[in-house]
Amino acid sequence: VLSYSAPIGRVKLTRVDLKPIQAFITGAATFPLLGENPRDPQSQSVFSAASLPLKNQRTGYLYAVLHGDAYRSATSMYENSQVLRVAISMILVGSLVTLLVGLAASHYLGRRLGQLVSAMQRFQDSGFRDPVPLATTRRGDEIDDLSVMFFDFSKRISTQMMALEHADQSRRELVMHVTHDMRTPLATLHAYLETLSIKWQDLPPNTRETYLDSALKFSHRLDQLTADLFELATLDLPETLLRVETFPLAELVQDIGRRFVPHAKDQGITMHVDSLPDGTAIKGEIGLVERLLANLIDNAIKYTPTGGEVSVSLQASGDTVEVIVADTGIGVSSPEVEKIFDRFYRSPGGNLNSEGTGLGLSIARRIAELHGAQITARSEVGSGSTFTVGCPVAA
C-alpha cells in the first residue's frame, strides 16, 4: 500500500492480495467479487480497481473498498438498534402499502376511463346514431361527470344526425315530387303552345280558344306550385321572423269565411260561418294566420262533393282558442290522417273540384308551428274531416 485516503491509524494492512484485483481488471473474476480490506484484516469487502502506470515500467492499482466505515457504522447501528429496525420496517411496509394502493387506484381509474373510451368507440362505430349509456358511481366524481356529459352529447349528436338524415330525405322527396308535379303541366303546356304555333292558321277560332284556355290553366297551375314552394321554403328558414301583433281572431275568421261563401256556392256546397261574438285576441302575424285558415277552408271545399256542407266555428278552451273547420266530404282513413300534412300528399279520393299542389296543409302546419299553435285532424271515410287549430290566447 503506497498511499491511501483514511485517518491515520485506520489502515491496518501494508499489503493486499493482488490476485482478485488482477482477475477483476482482466475480466476473469467470478462474483461475488471480494478483496482484502486494509482497515479490517479479519474481513473481506466488495471493491473496485483500476490499473495505474508507475515509473520504471511498474504497474500500480487504484484500489477502492466499497464497504467503508460509514456503511459498517450504519449496518452496526441497524443491527444494534431495535427502534431503528422497527422504524425502517414500518417505512418499508408503508411504502409497499402506498405502492399497492397506487397500483389499485391506477387500475380502477384506468378501467373506468377504458370503459368511457370503449363507449366512445362504439358510438363512433354506430355512425353516431346509438348513444351508449355509462354506469356511474355513488361518489359522482369527475369521471362520472364526464360520462354523463358524454351521454348527453351523444344523444344530442344522435338527434342531430337523425334530423340531418330526415332533412336530406325530405330534400330528395321534395325534388322528386317537384319534378313529377312539374313534368305533366309543363309537357301539356308545351304541347298546346307548339300546336298553336304550328297550326294557328288551320285551327278554327273556337279550337284556338280552347287550346289557349288549357295552356293558361296549366300555366296557372305551375305558377301556383312555384308560389307554394317558395312560401314553404321561406317558412322553413331558421331565421324566419314574424311581424307579431295582437288582433281579434273572431273578426279574422268571419272575414275569411265570408270570402269563401261565393266559391263554395259555385261548387254547389253549403257553407256555414257560425256567429262569433267572442272578442278573444291572439298574437301573431295576421297575414300568415289568414293564410293558414284560408288553406284549411279551401281544402275542405276542394274535397267536399256537390251538395255537401262546410262549417267554420270558434271555441274557447281555457288559455286556448280553437278554430274548427269541418266538412262532409270524402274523408280519409285513419292511417292516412297521419300523412295529410306531409308535403305533396293528396288523398286517394281524387281532386274533386280543382287541382292543387299538395302543399296547402303543409304550409298550414308550418304556420301553426311558428305561432306556437297546434293543428289536428279527424277524419272518416265517407263522413268528412274536421281540422282544429288551437291558438294561445294573448295575455
# chains A, B, ... in the order shown; residues from 1 in each chain; ligands from 1
$ residues_around --residues "A:Pro131" --least-positions-apart "2" --cutoff "10 Å" --atoms "only C-alpha atoms" --output "JSON, numbers by chain"
{"A": [119, 120, 122, 123, 124, 126, 128, 129, 133, 134, 150, 151, 152, 153, 154, 155, 156, 157, 158, 159]}
$ closest_atom_pairs --of "stretch 47-140 of chain A" --to "stretch 3-23 of chain A" --cutoff "10 Å" --atoms "only C-alpha atoms" --output "tab-separated table"
residue	atom	partner	partner_atom	distance
A:Phe47	CA	A:Ile21	CA	8.6
A:Ser48	CA	A:Ile21	CA	8.0
A:Ala49	CA	A:Ile21	CA	6.4
A:Ala50	CA	A:Ile21	CA	8.3
A:Ser51	CA	A:Gln22	CA	8.8
A:Tyr61	CA	A:Ile21	CA	8.1
A:Leu62	CA	A:Tyr4	CA	9.5
A:Tyr63	CA	A:Ile21	CA	8.0
A:Ala64	CA	A:Tyr4	CA	9.6
A:Asp69	CA	A:Arg10	CA	9.8
$ write_last_selection --atoms "N, CA and C atoms" --output "JSON list (two decimals), in the first residue's frame"
[["chain", "number", "residue", "atom", "x", "y", "z"],
["A", 47, "PHE", "N", -15.06, -4.51, -3.76],
["A", 47, "PHE", "CA", -14.12, -3.47, -4.15],
["A", 47, "PHE", "C", -14.25, -3.17, -5.64],
["A", 48, "SER", "N", -13.59, -2.11, -6.04],
["A", 48, "SER", "CA", -13.41, -1.77, -7.45],
["A", 48, "SER", "C", -11.97, -1.36, -7.63],
["A", 49, "ALA", "N", -11.41, -1.55, -8.83],
["A", 49, "ALA", "CA", -9.99, -1.30, -9.03],
["A", 49, "ALA", "C", -9.73, -0.87, -10.46],
["A", 50, "ALA", "N", -8.60, -0.17, -10.64],
["A", 50, "ALA", "CA", -8.14, 0.24, -11.97],
["A", 50, "ALA", "C", -6.62, 0.28, -11.95],
["A", 51, "SER", "N", -6.02, -0.05, -13.09],
["A", 51, "SER", "CA", -4.54, -0.09, -13.16],
["A", 51, "SER", "C", -4.02, 1.31, -13.42],
["A", 61, "TYR", "N", -2.07, 0.04, -8.82],
["A", 61, "TYR", "CA", -3.53, -0.16, -8.86],
["A", 61, "TYR", "C", -4.22, 0.83, -7.93],
["A", 62, "LEU", "N", -5.29, 1.41, -8.43],
["A", 62, "LEU", "CA", -6.17, 2.20, -7.58],
["A", 62, "LEU", "C", -7.19, 1.25, -7.02],
["A", 63, "TYR", "N", -7.19, 1.11, -5.71],
["A", 63, "TYR", "CA", -7.99, 0.07, -5.04],
["A", 63, "TYR", "C", -8.99, 0.77, -4.13],
["A", 64, "ALA", "N", -10.32, 0.62, -4.46],
["A", 64, "ALA", "CA", -11.36, 1.30, -3.69],
["A", 64, "ALA", "C", -12.24, 0.26, -3.02],
["A", 69, "ASP", "N", -16.25, 2.65, 6.22],
["A", 69, "ASP", "CA", -16.61, 2.81, 7.63],
["A", 69, "ASP", "C", -18.05, 3.28, 7.81]]
$ closest_residue --among "A:Asp141, A:Arg39, A:Asn56, A:Gln160" --to "A:Leu109" --atoms "only C-alpha atoms"
A:Asp141
$ atom_distance --atom1 "atom CA of A:Gln121" --atom2 "atom CA of A:Asp145"
18.6 Å
$ select_by_dssp --residues "stretch 170-385 of chain A" --states "alpha helix (DSSP H)" --output "PyMOL selection string"
chain A and resi 170-199+205-236+249-266+286-302+334-337+360-370
$ decode --residues "stretch 289-331 of chain A" --atoms "N, CA and C atoms" --output "compact mmCIF listing (two decimals), in the first residue's frame"
# COMPACT_ATOMS: atom_id res chain seq x y z
N VAL A 289 -101.64 33.92 -40.37
CA VAL A 289 -102.81 33.26 -39.78
C VAL A 289 -103.95 33.22 -40.79
N GLU A 290 -104.10 34.30 -41.53
CA GLU A 290 -105.12 34.31 -42.58
C GLU A 290 -104.83 33.24 -43.63
N ARG A 291 -103.56 33.09 -43.99
CA ARG A 291 -103.17 32.05 -44.97
C ARG A 291 -103.47 30.67 -44.42
N LEU A 292 -103.21 30.44 -43.15
CA LEU A 292 -103.47 29.14 -42.52
C LEU A 292 -104.95 28.78 -42.62
N LEU A 293 -105.80 29.71 -42.20
CA LEU A 293 -107.25 29.44 -42.20
C LEU A 293 -107.78 29.30 -43.62
N ALA A 294 -107.26 30.11 -44.55
CA ALA A 294 -107.71 30.01 -45.93
C ALA A 294 -107.35 28.67 -46.53
N ASN A 295 -106.18 28.15 -46.20
CA ASN A 295 -105.79 26.83 -46.71
C ASN A 295 -106.72 25.74 -46.19
N LEU A 296 -107.09 25.81 -44.92
CA LEU A 296 -107.98 24.79 -44.35
C LEU A 296 -109.36 24.85 -44.99
N ILE A 297 -109.91 26.06 -45.17
CA ILE A 297 -111.25 26.18 -45.76
C ILE A 297 -111.22 25.76 -47.22
N ASP A 298 -110.17 26.17 -47.94
CA ASP A 298 -110.06 25.79 -49.35
C ASP A 298 -109.93 24.29 -49.50
N ASN A 299 -109.18 23.66 -48.60
CA ASN A 299 -109.04 22.20 -48.63
C ASN A 299 -110.37 21.51 -48.36
N ALA A 300 -111.15 22.07 -47.41
CA ALA A 300 -112.46 21.48 -47.10
C ALA A 300 -113.39 21.56 -48.30
N ILE A 301 -113.41 22.70 -48.98
CA ILE A 301 -114.27 22.85 -50.16
C ILE A 301 -113.81 21.93 -51.28
N LYS A 302 -112.50 21.80 -51.44
CA LYS A 302 -111.94 21.01 -52.53
C LYS A 302 -112.35 19.55 -52.44
N TYR A 303 -112.41 19.02 -51.22
CA TYR A 303 -112.69 17.60 -51.04
C TYR A 303 -114.11 17.33 -50.54
N THR A 304 -115.01 18.28 -50.78
CA THR A 304 -116.42 18.08 -50.45
C THR A 304 -117.21 18.05 -51.75
N PRO A 305 -117.98 16.98 -51.98
CA PRO A 305 -118.73 16.88 -53.25
C PRO A 305 -119.90 17.85 -53.28
N THR A 306 -120.47 18.00 -54.44
CA THR A 306 -121.64 18.86 -54.62
C THR A 306 -122.78 18.39 -53.71
N GLY A 307 -123.42 19.36 -53.06
CA GLY A 307 -124.47 19.05 -52.11
C GLY A 307 -123.97 18.90 -50.68
N GLY A 308 -122.66 18.95 -50.48
CA GLY A 308 -122.10 18.82 -49.14
C GLY A 308 -122.10 20.14 -48.38
N GLU A 309 -121.53 20.11 -47.16
CA GLU A 309 -121.51 21.29 -46.31
C GLU A 309 -120.12 21.49 -45.72
N VAL A 310 -119.79 22.75 -45.51
CA VAL A 310 -118.55 23.13 -44.84
C VAL A 310 -118.90 24.15 -43.77
N SER A 311 -118.38 23.98 -42.56
CA SER A 311 -118.69 24.90 -41.47
C SER A 311 -117.40 25.38 -40.81
N VAL A 312 -117.44 26.63 -40.34
CA VAL A 312 -116.31 27.24 -39.64
C VAL A 312 -116.84 27.77 -38.32
N SER A 313 -116.18 27.39 -37.21
CA SER A 313 -116.64 27.82 -35.89
C SER A 313 -115.44 28.14 -35.01
N LEU A 314 -115.75 28.80 -33.89
CA LEU A 314 -114.72 29.22 -32.93
C LEU A 314 -115.14 28.75 -31.55
N GLN A 315 -114.17 28.25 -30.79
CA GLN A 315 -114.49 27.72 -29.46
C GLN A 315 -113.35 28.02 -28.51
N ALA A 316 -113.70 28.62 -27.36
CA ALA A 316 -112.70 28.93 -26.33
C ALA A 316 -112.50 27.72 -25.44
N SER A 317 -111.24 27.44 -25.07
CA SER A 317 -110.92 26.30 -24.21
C SER A 317 -109.75 26.68 -23.31
N GLY A 318 -110.08 27.30 -22.14
CA GLY A 318 -109.04 27.70 -21.21
C GLY A 318 -108.16 28.80 -21.78
N ASP A 319 -106.85 28.53 -21.83
CA ASP A 319 -105.90 29.51 -22.36
C ASP A 319 -105.74 29.38 -23.87
N THR A 320 -106.62 28.60 -24.49
CA THR A 320 -106.53 28.37 -25.93
C THR A 320 -107.87 28.66 -26.59
N VAL A 321 -107.80 29.23 -27.76
CA VAL A 321 -108.99 29.43 -28.58
C VAL A 321 -108.85 28.56 -29.82
N GLU A 322 -109.89 27.78 -30.13
CA GLU A 322 -109.82 26.81 -31.21
C GLU A 322 -110.66 27.26 -32.40
N VAL A 323 -110.07 27.18 -33.57
CA VAL A 323 -110.79 27.38 -34.83
C VAL A 323 -111.06 26.01 -35.42
N ILE A 324 -112.34 25.71 -35.69
CA ILE A 324 -112.73 24.39 -36.16
C ILE A 324 -113.30 24.51 -37.56
N VAL A 325 -112.70 23.80 -38.51
CA VAL A 325 -113.16 23.74 -39.90
C VAL A 325 -113.59 22.31 -40.18
N ALA A 326 -114.88 22.11 -40.42
CA ALA A 326 -115.44 20.77 -40.63
C ALA A 326 -116.12 20.70 -41.99
N ASP A 327 -116.09 19.51 -42.58
CA ASP A 327 -116.76 19.31 -43.86
C ASP A 327 -117.41 17.94 -43.90
N THR A 328 -118.29 17.74 -44.87
CA THR A 328 -118.95 16.44 -45.08
C THR A 328 -118.42 15.81 -46.34
N GLY A 329 -117.12 15.94 -46.56
CA GLY A 329 -116.50 15.47 -47.79
C GLY A 329 -116.20 14.00 -47.79
N ILE A 330 -115.25 13.62 -48.65
CA ILE A 330 -114.95 12.20 -48.86
C ILE A 330 -114.23 11.59 -47.67
N GLY A 331 -113.50 12.40 -46.91
CA GLY A 331 -112.77 11.89 -45.75
C GLY A 331 -111.61 10.99 -46.15
